[in-house]
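Participant: Got a file for you: model_37.cif, mmCIF, C-alpha atoms.
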data_coords
loop_
_atom_site.label_atom_id
_atom_site.label_comp_id
_atom_site.auth_asym_id
_atom_site.auth_seq_id
_atom_site.Cartn_x
_atom_site.Cartn_y
_atom_site.Cartn_z
CA MET A 1 26.57 -27.65 -12.46
CA ALA A 2 23.55 -29.87 -11.82
CA GLY A 3 24.32 -29.85 -8.09
CA SER A 4 24.64 -26.08 -8.06
CA PHE A 5 21.28 -25.69 -9.83
CA ALA A 6 19.59 -28.12 -7.44
CA GLU A 7 20.99 -26.24 -4.44
CA SER A 8 19.87 -22.89 -5.86
CA TRP A 9 16.40 -24.26 -6.55
CA THR A 10 16.14 -25.63 -3.00
CA ILE A 11 17.03 -22.22 -1.55
CA GLN A 12 14.65 -20.44 -3.91
CA ARG A 13 11.82 -22.80 -3.00
CA ARG A 14 12.38 -22.22 0.71
CA VAL A 15 12.45 -18.45 0.25
CA LEU A 16 9.21 -18.48 -1.72
CA GLY A 17 7.61 -20.85 0.77
CA ALA A 18 8.49 -18.60 3.70
CA LEU A 19 7.26 -15.49 1.89
CA LEU A 20 4.02 -17.24 0.91
CA MET A 21 3.36 -18.25 4.51
CA ARG A 22 4.00 -14.69 5.65
CA GLU A 23 1.63 -13.32 3.00
CA VAL A 24 -1.12 -15.78 3.93
CA LEU A 25 -0.94 -14.85 7.61
CA THR A 26 -0.74 -11.12 6.88
CA ARG A 27 -3.54 -11.03 4.35
CA TYR A 28 -6.06 -13.56 5.61
CA GLY A 29 -5.26 -14.19 9.25
CA ARG A 30 -6.41 -10.91 10.77
CA HIS A 31 -9.14 -9.43 8.61
CA ASN A 32 -12.89 -10.09 8.83
CA ILE A 33 -13.72 -13.54 7.42
CA GLY A 34 -10.17 -14.01 6.16
CA PHE A 35 -9.62 -16.50 3.36
CA LEU A 36 -13.35 -16.99 2.80
CA TRP A 37 -13.57 -13.48 1.32
CA LEU A 38 -12.02 -14.91 -1.86
CA PHE A 39 -15.27 -16.81 -2.34
CA ALA A 40 -17.63 -14.27 -0.82
CA GLU A 41 -16.79 -11.34 -3.13
CA PRO A 42 -17.39 -13.08 -6.50
CA MET A 43 -20.37 -14.95 -5.05
CA ILE A 44 -22.04 -11.69 -3.99
CA PHE A 45 -21.39 -10.24 -7.44
CA THR A 46 -22.72 -13.34 -9.19
CA LEU A 47 -25.88 -13.48 -7.10
CA GLY A 48 -26.44 -9.74 -7.54
CA VAL A 49 -26.12 -9.90 -11.33
CA THR A 50 -28.36 -12.98 -11.46
CA ALA A 51 -31.01 -11.22 -9.38
CA LEU A 52 -30.93 -8.09 -11.57
CA TRP A 53 -31.18 -10.11 -14.79
CA SER A 54 -34.07 -12.13 -13.36
CA ILE A 55 -35.97 -9.04 -12.20
CA ALA A 56 -35.50 -7.37 -15.60
CA LYS A 57 -36.36 -10.71 -17.29
CA LEU A 58 -33.24 -10.35 -19.45
CA ASP A 59 -32.49 -14.05 -19.00
CA GLN A 60 -35.40 -14.77 -21.36
CA TYR A 61 -33.52 -13.18 -24.28
CA SER A 62 -30.31 -15.20 -23.98
CA ALA A 63 -29.52 -18.91 -24.13
CA ILE A 64 -26.40 -18.35 -22.04
CA PRO A 65 -26.80 -19.21 -18.33
CA ILE A 66 -26.42 -15.88 -16.57
CA VAL A 67 -24.76 -17.45 -13.52
CA ALA A 68 -21.98 -18.94 -15.64
CA PHE A 69 -21.69 -15.68 -17.59
CA ALA A 70 -21.26 -13.69 -14.37
CA ILE A 71 -18.77 -16.13 -12.83
CA THR A 72 -16.55 -16.34 -15.92
CA GLY A 73 -16.62 -12.56 -16.29
CA TYR A 74 -16.02 -11.38 -12.76
CA SER A 75 -13.55 -14.13 -11.80
CA SER A 76 -11.41 -13.26 -14.83
CA VAL A 77 -11.37 -9.61 -13.76
CA LEU A 78 -10.34 -10.54 -10.22
CA LEU A 79 -7.49 -12.60 -11.65
CA TRP A 80 -5.72 -9.89 -13.66
CA ARG A 81 -6.87 -6.84 -11.66
CA ASN A 82 -5.78 -7.92 -8.18
CA MET A 83 -2.22 -8.91 -9.07
CA PRO A 84 -1.03 -5.37 -9.91
CA ALA A 85 -2.81 -4.07 -6.81
CA ARG A 86 -0.82 -6.54 -4.65
CA CYS A 87 2.55 -5.74 -6.26
CA ILE A 88 2.25 -1.95 -6.37
CA SER A 89 3.99 -0.53 -3.27
CA ALA A 90 4.94 -4.07 -2.19
CA ILE A 91 8.65 -3.31 -1.85
CA GLU A 92 8.61 -0.75 0.97
CA PRO A 93 6.81 -2.85 3.62
CA ASN A 94 9.14 -5.77 2.81
CA LEU A 95 12.41 -3.82 2.96
CA PRO A 96 13.53 -5.48 6.24
CA LEU A 97 13.33 -8.88 4.54
CA LEU A 98 15.87 -7.77 1.94
CA TYR A 99 18.54 -7.87 4.64
CA HIS A 100 18.57 -11.61 4.06
CA ARG A 101 21.01 -12.44 1.30
CA ASN A 102 18.71 -14.92 -0.45
CA VAL A 103 15.63 -12.67 -0.51
CA LYS A 104 15.36 -10.53 -3.64
CA ILE A 105 12.78 -8.05 -4.91
CA ILE A 106 11.57 -10.54 -7.50
CA ASP A 107 10.86 -13.03 -4.67
CA VAL A 108 8.55 -10.55 -2.96
CA PHE A 109 6.62 -10.08 -6.20
CA LEU A 110 6.51 -13.79 -7.05
CA ALA A 111 5.15 -14.74 -3.62
CA ARG A 112 2.30 -12.28 -3.98
CA LEU A 113 1.58 -13.35 -7.55
CA VAL A 114 1.52 -17.05 -6.70
CA LEU A 115 -0.82 -16.45 -3.76
CA GLU A 116 -3.14 -14.29 -5.83
CA VAL A 117 -3.35 -16.77 -8.72
CA ALA A 118 -3.87 -19.70 -6.34
CA GLY A 119 -6.57 -17.92 -4.36
CA THR A 120 -8.50 -16.66 -7.38
CA THR A 121 -8.28 -20.05 -9.10
CA MET A 122 -9.64 -21.79 -6.00
CA SER A 123 -12.44 -19.23 -5.88
CA PHE A 124 -13.34 -19.76 -9.55
CA VAL A 125 -13.29 -23.56 -9.34
CA GLY A 126 -15.12 -23.55 -6.01
CA LEU A 127 -17.92 -21.31 -7.28
CA VAL A 128 -18.36 -23.36 -10.46
CA LEU A 129 -18.61 -26.56 -8.41
CA LEU A 130 -20.98 -24.91 -5.91
CA PHE A 131 -23.43 -23.57 -8.50
CA TRP A 132 -23.11 -26.76 -10.54
CA GLY A 133 -24.05 -28.71 -7.42
CA VAL A 134 -27.25 -26.67 -6.97
CA GLU A 135 -27.93 -26.98 -10.73
CA TRP A 136 -27.64 -23.26 -11.49
CA LEU A 137 -25.15 -23.96 -14.27
CA GLY A 138 -23.59 -26.83 -16.19
CA PRO A 139 -19.96 -27.88 -16.58
CA PRO A 140 -17.72 -26.24 -19.19
CA GLU A 141 -17.78 -27.76 -22.66
CA ASP A 142 -13.99 -27.70 -23.05
CA VAL A 143 -12.01 -27.77 -19.80
CA VAL A 144 -8.68 -27.52 -21.64
CA LYS A 145 -9.71 -24.26 -23.31
CA VAL A 146 -10.94 -22.86 -20.01
CA ALA A 147 -7.65 -23.75 -18.30
CA SER A 148 -5.60 -22.33 -21.21
CA ALA A 149 -7.56 -19.07 -21.14
CA TRP A 150 -7.13 -18.87 -17.36
CA LEU A 151 -3.35 -19.26 -17.76
CA MET A 152 -3.26 -16.55 -20.43
CA LEU A 153 -5.16 -14.15 -18.17
CA ALA A 154 -2.88 -15.04 -15.25
CA TRP A 155 0.17 -14.37 -17.42
CA PHE A 156 -1.25 -11.01 -18.44
CA GLY A 157 -1.91 -10.06 -14.83
CA ALA A 158 1.54 -11.22 -13.70
CA GLY A 159 3.35 -9.29 -16.44
CA LEU A 160 1.35 -6.15 -15.70
CA ALA A 161 1.93 -6.58 -11.96
CA LEU A 162 5.70 -6.97 -12.33
CA PHE A 163 5.93 -3.86 -14.47
CA LEU A 164 3.69 -1.65 -12.33
CA GLY A 165 5.10 -3.03 -9.08
CA ALA A 166 8.67 -2.20 -10.06
CA LEU A 167 7.61 1.14 -11.53
CA SER A 168 5.84 2.12 -8.30
CA TRP A 169 9.19 2.17 -6.47
CA SER A 170 10.23 5.13 -8.62
CA SER A 171 6.91 6.99 -8.66
CA GLU A 172 4.00 7.22 -6.22
CA LEU A 173 1.75 8.18 -9.14
CA VAL A 174 1.54 4.53 -10.15
CA ASP A 175 -0.35 3.67 -6.97
CA LYS A 176 -2.63 6.68 -7.29
CA LEU A 177 -3.41 6.09 -10.98
CA TRP A 178 -3.86 2.31 -10.95
CA HIS A 179 -7.00 2.28 -8.79
CA PRO A 180 -9.10 4.56 -11.04
CA ALA A 181 -7.58 2.85 -14.10
CA ALA A 182 -8.71 -0.55 -12.79
CA TYR A 183 -12.29 0.72 -12.40
CA ILE A 184 -12.23 2.18 -15.91
CA LEU A 185 -10.85 -1.04 -17.39
CA PHE A 186 -13.52 -3.21 -15.73
CA PRO A 187 -16.36 -2.35 -18.15
CA LEU A 188 -13.90 -2.54 -21.07
CA SER A 189 -12.48 -5.95 -20.13
CA GLY A 190 -15.19 -8.07 -21.72
CA ALA A 191 -16.47 -9.29 -18.36
CA ALA A 192 -19.98 -7.92 -18.82
CA PHE A 193 -20.54 -8.44 -22.56
CA LEU A 194 -19.70 -10.58 -25.57
CA VAL A 195 -17.67 -8.90 -28.29
CA ASP A 196 -19.95 -10.38 -30.95
CA SER A 197 -22.88 -8.40 -29.52
CA LEU A 198 -21.17 -5.05 -30.23
CA PRO A 199 -21.28 -3.04 -33.48
CA PRO A 200 -18.34 -3.81 -35.85
CA ALA A 201 -16.56 -0.52 -35.10
CA ALA A 202 -16.85 -1.10 -31.36
CA GLN A 203 -15.56 -4.65 -31.77
CA GLU A 204 -12.36 -3.43 -33.40
CA ALA A 205 -11.83 -0.90 -30.62
CA ILE A 206 -12.55 -3.25 -27.72
CA LEU A 207 -10.27 -5.97 -29.12
CA LEU A 208 -7.33 -3.62 -28.68
CA PHE A 209 -7.50 -4.51 -24.97
CA PRO A 210 -5.52 -7.75 -24.49
CA MET A 211 -7.56 -9.09 -21.57
CA VAL A 212 -10.69 -9.17 -23.74
CA HIS A 213 -9.14 -11.91 -25.86
CA GLY A 214 -8.57 -14.04 -22.76
CA VAL A 215 -12.16 -13.60 -21.55
CA GLU A 216 -13.56 -14.46 -24.99
CA PHE A 217 -11.38 -17.57 -25.16
CA LEU A 218 -12.48 -18.56 -21.65
CA ARG A 219 -16.15 -18.21 -22.57
CA GLU A 220 -15.68 -20.18 -25.76
CA GLY A 221 -14.26 -22.98 -23.65
CA TYR A 222 -17.18 -22.75 -21.24
CA PHE A 223 -20.12 -22.20 -23.60
CA GLY A 224 -18.70 -23.71 -26.79
CA SER A 225 -20.99 -23.46 -29.81
CA SER A 226 -23.54 -21.35 -27.90
CA ILE A 227 -21.51 -18.21 -28.62
CA ASN A 228 -19.39 -16.75 -31.40
CA ALA A 229 -16.19 -15.80 -29.59
CA ARG A 230 -13.73 -13.33 -31.09
CA TYR A 231 -10.12 -13.45 -29.96
CA ASP A 232 -6.51 -13.50 -31.14
CA LEU A 233 -4.27 -15.42 -28.76
CA ALA A 234 -1.11 -14.41 -30.64
CA TYR A 235 -1.98 -10.75 -30.03
CA MET A 236 -2.57 -11.41 -26.34
CA ALA A 237 0.63 -13.47 -26.04
CA ALA A 238 2.61 -10.61 -27.59
CA TRP A 239 1.20 -8.22 -24.99
CA ASN A 240 1.89 -10.69 -22.19
CA ALA A 241 5.48 -11.26 -23.29
CA GLY A 242 6.09 -7.53 -23.71
CA LEU A 243 4.75 -6.74 -20.24
CA THR A 244 6.75 -9.57 -18.67
CA ILE A 245 10.02 -8.51 -20.30
CA ALA A 246 9.40 -4.86 -19.40
CA GLY A 247 8.61 -5.87 -15.83
CA LEU A 248 11.71 -8.02 -15.42
CA LEU A 249 13.92 -5.30 -16.89
CA ARG A 250 12.40 -2.76 -14.53
CA VAL A 251 12.92 -5.08 -11.53
CA ARG A 252 16.56 -5.49 -12.54
CA ALA A 253 16.96 -1.72 -12.90
CA ILE A 254 15.69 -0.92 -9.40
CA SER A 255 17.53 -3.80 -7.69
CA GLY A 256 20.59 -1.59 -7.31
CA GLU A 257 18.54 1.31 -5.94
CA VAL A 258 16.62 -0.50 -3.21
CA ARG A 259 18.38 -0.52 0.14
CA PRO A 260 17.09 -2.49 3.17
CA GLU A 261 16.05 -0.30 6.09
#
Spell out the structure here as structure tokens.

Facilitator:
Amino acid sequence: MAGSFAESWTIQRRVLGALLMREVLTRYGRHNIGFLWLFAEPMIFTLGVTALWSIAKLDQYSAIPIVAFAITGYSSVLLWRNMPARCISAIEPNLPLLYHRNVKIIDVFLARLVLEVAGTTMSFVGLVLLFWGVEWLGPPEDVVKVASAWLMLAWFGAGLALFLGALSWSSELVDKLWHPAAYILFPLSGAAFLVDSLPPAAQEAILLFPMVHGVEFLREGYFGSSINARYDLAYMAAWNAGLTIAGLLRVRAISGEVRPE
């Protein structure tokens, strides 16, 4: 049994490795500045927000470094928002690959999810180190909390991506609705505000969104005692687990429907 598991794991690792290489070449090898766009997009956003806050002199009313606030906010949005976008409609362009006996639908999704998490994580860490190096921000107060929050947000994005990706095979509406939904969810995700700064009624409403708990936990890890973070990790974990189970069940349901072309 141990030998069979080891053999299966070796095959699975090779499949994922091949799919990852294909995704890297397809996504970053032929477009504009390629892989560097992972760093350019959040950097432009961070610099833009910093400039606006400085011009409006809003940085004088907060003890929180605006650069760190912008990086933690926007990077967290990129993490959970981009994964569903990569998995929605991912099956059709990869149908020829399903001719191979060892390539499954879940492998296509996993390759895209791994690449997205790896790229966004490198972007986040790289930007923190860059702005730390030029003394625009300091290091996080609790690295373990920051890493834990990042994993929770990645889990949320992966569960949502699996569910929407599998659902998109059955309905084109998923692709059409996700893009406006992602824009609507951005200002509600906690990226641009602290929950503690909202009125009590608004706090209760905004905490219904699971990603807000991850962002608050991330900022508590980064800023520590400088803020009063509000989050419930059990609530977020329940959402993450529910989305993951629903996604896996949906992937299993469509596996018999998808036919290689």

Participant: Near region 169-177 of chain A, within 12 Å and counting only C-alpha atoms, which residues show up once chain neighbours fewer than 2 positions away are dropped, as a PyMOL selection string?

Facilitator: chain A and resi 84-93+95+105+161-167+179-184+250-251+253-255+257-259

Participant: Would you write out, as JSON lines, a table of all residues in region 48-167 of chain A that have an atom no more than 6 Å from an atom of region 219-239 of chain A, listing for each the closest atom pair and the distance in Å to one decimal, considering only C-alpha atoms and ordering rows by chain and rising residue number?

Facilitator:
{"residue": "A:Pro140", "atom": "CA", "partner": "A:Tyr222", "partner_atom": "CA", "distance": 4.1}
{"residue": "A:Glu141", "atom": "CA", "partner": "A:Tyr222", "partner_atom": "CA", "distance": 5.2}
{"residue": "A:Asp142", "atom": "CA", "partner": "A:Gly221", "partner_atom": "CA", "distance": 4.8}
{"residue": "A:Lys145", "atom": "CA", "partner": "A:Gly221", "partner_atom": "CA", "distance": 4.7}
{"residue": "A:Val146", "atom": "CA", "partner": "A:Gly221", "partner_atom": "CA", "distance": 4.9}

Participant: Just write the chosen residues, C-alpha atoms, as a CSV table (one decimal), in the frame of the given file.

Facilitator:
chain,number,residue,atom,x,y,z
A,140,PRO,CA,-17.7,-26.2,-19.2
A,141,GLU,CA,-17.8,-27.8,-22.7
A,142,ASP,CA,-14.0,-27.7,-23.0
A,145,LYS,CA,-9.7,-24.3,-23.3
A,146,VAL,CA,-10.9,-22.9,-20.0

Participant: Would you kindly translate the PyMOL selection byres ((chain A and resi 82) around 12) into the concrete residues it picks from this file, as a compact mmCIF listing (two decimals) with C-alpha atoms, in the frame of the given file?

Facilitator:
# COMPACT_ATOMS: atom_id res chain seq x y z
CA LEU A 38 -12.02 -14.91 -1.86
CA TYR A 74 -16.02 -11.38 -12.76
CA SER A 75 -13.55 -14.13 -11.80
CA SER A 76 -11.41 -13.26 -14.83
CA VAL A 77 -11.37 -9.61 -13.76
CA LEU A 78 -10.34 -10.54 -10.22
CA LEU A 79 -7.49 -12.60 -11.65
CA TRP A 80 -5.72 -9.89 -13.66
CA ARG A 81 -6.87 -6.84 -11.66
CA MET A 83 -2.22 -8.91 -9.07
CA PRO A 84 -1.03 -5.37 -9.91
CA ALA A 85 -2.81 -4.07 -6.81
CA ARG A 86 -0.82 -6.54 -4.65
CA CYS A 87 2.55 -5.74 -6.26
CA ILE A 88 2.25 -1.95 -6.37
CA ARG A 112 2.30 -12.28 -3.98
CA LEU A 113 1.58 -13.35 -7.55
CA VAL A 114 1.52 -17.05 -6.70
CA LEU A 115 -0.82 -16.45 -3.76
CA GLU A 116 -3.14 -14.29 -5.83
CA VAL A 117 -3.35 -16.77 -8.72
CA GLY A 119 -6.57 -17.92 -4.36
CA THR A 120 -8.50 -16.66 -7.38
CA LEU A 153 -5.16 -14.15 -18.17
CA ALA A 154 -2.88 -15.04 -15.25
CA PHE A 156 -1.25 -11.01 -18.44
CA GLY A 157 -1.91 -10.06 -14.83
CA ALA A 158 1.54 -11.22 -13.70
CA LEU A 160 1.35 -6.15 -15.70
CA ALA A 161 1.93 -6.58 -11.96
CA GLY A 165 5.10 -3.03 -9.08
CA TRP A 178 -3.86 2.31 -10.95
CA HIS A 179 -7.00 2.28 -8.79
CA ALA A 182 -8.71 -0.55 -12.79
CA TYR A 183 -12.29 0.72 -12.40
CA PHE A 186 -13.52 -3.21 -15.73

Participant: Provide the CA of Gly214 (chain A) to CA of Gly126 (chain A) distance in Å, to one decimal place.

Facilitator: 20.3 Å

Participant: For Val49 (chain A), which residue out of A:Leu36, A:Ala192, A:Ala149, A:Ile64 is the nearest one, using only C-alpha atoms?

Facilitator: A:Ala192

Participant: Expressed in Å to a single decimal, how great is the separation between CA of Leu218 (chain A) and CA of Asp196 (chain A)?

Facilitator: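 Interatomic distance, CA of Leu218 (chain A) to CA of Asp196 (chain A): 14.5 Å.
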
Participant: Restricting the calculation to only C-alpha atoms, which member of A:Leu188, A:Ile71, A:Val15, A:Ile66 is positioned closest to His100 (chain A)?

Facilitator: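 Closest to His100 (chain A) of all the choices is A:Val15.
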
Participant: What is the distance between CA of Arg13 (chain A) and CA of Thr244 (chain A), in Å to one decimal?

Facilitator: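 Taking CA of Arg13 (chain A) as the start and CA of Thr244 (chain A) as the end point, the length is 21.1 Å.
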
Participant: For region 128-145 of chain A, supply N, CA and C atoms and format the output as a PDB file, in the frame of the given file.

Facilitator:
ATOM      1  N   VAL A 128     -17.793 -22.532  -9.385  1.00  0.00           N
ATOM      2  CA  VAL A 128     -18.360 -23.360 -10.460  1.00  0.00           C
ATOM      3  C   VAL A 128     -18.914 -24.664  -9.883  1.00  0.00           C
ATOM      4  N   LEU A 129     -18.152 -25.310  -9.005  1.00  0.00           N
ATOM      5  CA  LEU A 129     -18.610 -26.560  -8.410  1.00  0.00           C
ATOM      6  C   LEU A 129     -19.841 -26.342  -7.528  1.00  0.00           C
ATOM      7  N   LEU A 130     -19.851 -25.220  -6.792  1.00  0.00           N
ATOM      8  CA  LEU A 130     -20.980 -24.910  -5.910  1.00  0.00           C
ATOM      9  C   LEU A 130     -22.268 -24.725  -6.714  1.00  0.00           C
ATOM     10  N   PHE A 131     -22.219 -23.851  -7.725  1.00  0.00           N
ATOM     11  CA  PHE A 131     -23.430 -23.570  -8.500  1.00  0.00           C
ATOM     12  C   PHE A 131     -23.809 -24.738  -9.420  1.00  0.00           C
ATOM     13  N   TRP A 132     -22.820 -25.535  -9.798  1.00  0.00           N
ATOM     14  CA  TRP A 132     -23.110 -26.760 -10.540  1.00  0.00           C
ATOM     15  C   TRP A 132     -23.848 -27.742  -9.639  1.00  0.00           C
ATOM     16  N   GLY A 133     -23.412 -27.803  -8.367  1.00  0.00           N
ATOM     17  CA  GLY A 133     -24.050 -28.710  -7.420  1.00  0.00           C
ATOM     18  C   GLY A 133     -25.509 -28.376  -7.160  1.00  0.00           C
ATOM     19  N   VAL A 134     -25.849 -27.071  -7.187  1.00  0.00           N
ATOM     20  CA  VAL A 134     -27.250 -26.670  -6.970  1.00  0.00           C
ATOM     21  C   VAL A 134     -27.986 -26.512  -8.302  1.00  0.00           C
ATOM     22  N   GLU A 135     -27.336 -26.940  -9.390  1.00  0.00           N
ATOM     23  CA  GLU A 135     -27.930 -26.980 -10.730  1.00  0.00           C
ATOM     24  C   GLU A 135     -28.290 -25.595 -11.262  1.00  0.00           C
ATOM     25  N   TRP A 136     -27.462 -24.600 -10.922  1.00  0.00           N
ATOM     26  CA  TRP A 136     -27.640 -23.260 -11.490  1.00  0.00           C
ATOM     27  C   TRP A 136     -26.844 -23.092 -12.780  1.00  0.00           C
ATOM     28  N   LEU A 137     -25.922 -23.989 -13.024  1.00  0.00           N
ATOM     29  CA  LEU A 137     -25.150 -23.960 -14.270  1.00  0.00           C
ATOM     30  C   LEU A 137     -24.631 -25.363 -14.555  1.00  0.00           C
ATOM     31  N   GLY A 138     -24.160 -25.546 -15.791  1.00  0.00           N
ATOM     32  CA  GLY A 138     -23.590 -26.830 -16.190  1.00  0.00           C
ATOM     33  C   GLY A 138     -22.080 -26.757 -16.236  1.00  0.00           C
ATOM     34  N   PRO A 139     -21.428 -27.869 -16.494  1.00  0.00           N
ATOM     35  CA  PRO A 139     -19.960 -27.880 -16.580  1.00  0.00           C
ATOM     36  C   PRO A 139     -19.484 -27.234 -17.868  1.00  0.00           C
ATOM     37  N   PRO A 140     -18.251 -26.809 -17.943  1.00  0.00           N
ATOM     38  CA  PRO A 140     -17.720 -26.240 -19.190  1.00  0.00           C
ATOM     39  C   PRO A 140     -17.655 -27.288 -20.285  1.00  0.00           C
ATOM     40  N   GLU A 141     -17.819 -26.835 -21.532  1.00  0.00           N
ATOM     41  CA  GLU A 141     -17.780 -27.760 -22.660  1.00  0.00           C
ATOM     42  C   GLU A 141     -16.367 -28.225 -22.965  1.00  0.00           C
ATOM     43  N   ASP A 142     -15.381 -27.357 -22.748  1.00  0.00           N
ATOM     44  CA  ASP A 142     -13.990 -27.700 -23.050  1.00  0.00           C
ATOM     45  C   ASP A 142     -13.108 -27.219 -21.898  1.00  0.00           C
ATOM     46  N   VAL A 143     -12.785 -28.129 -20.988  1.00  0.00           N
ATOM     47  CA  VAL A 143     -12.010 -27.770 -19.800  1.00  0.00           C
ATOM     48  C   VAL A 143     -10.602 -27.298 -20.174  1.00  0.00           C
ATOM     49  N   VAL A 144     -10.028 -27.894 -21.217  1.00  0.00           N
ATOM     50  CA  VAL A 144      -8.680 -27.520 -21.640  1.00  0.00           C
ATOM     51  C   VAL A 144      -8.640 -26.065 -22.098  1.00  0.00           C
ATOM     52  N   LYS A 145      -9.647 -25.655 -22.863  1.00  0.00           N
ATOM     53  CA  LYS A 145      -9.710 -24.260 -23.310  1.00  0.00           C
ATOM     54  C   LYS A 145      -9.880 -23.317 -22.130  1.00  0.00           C
TER      55      LYS A 145
END
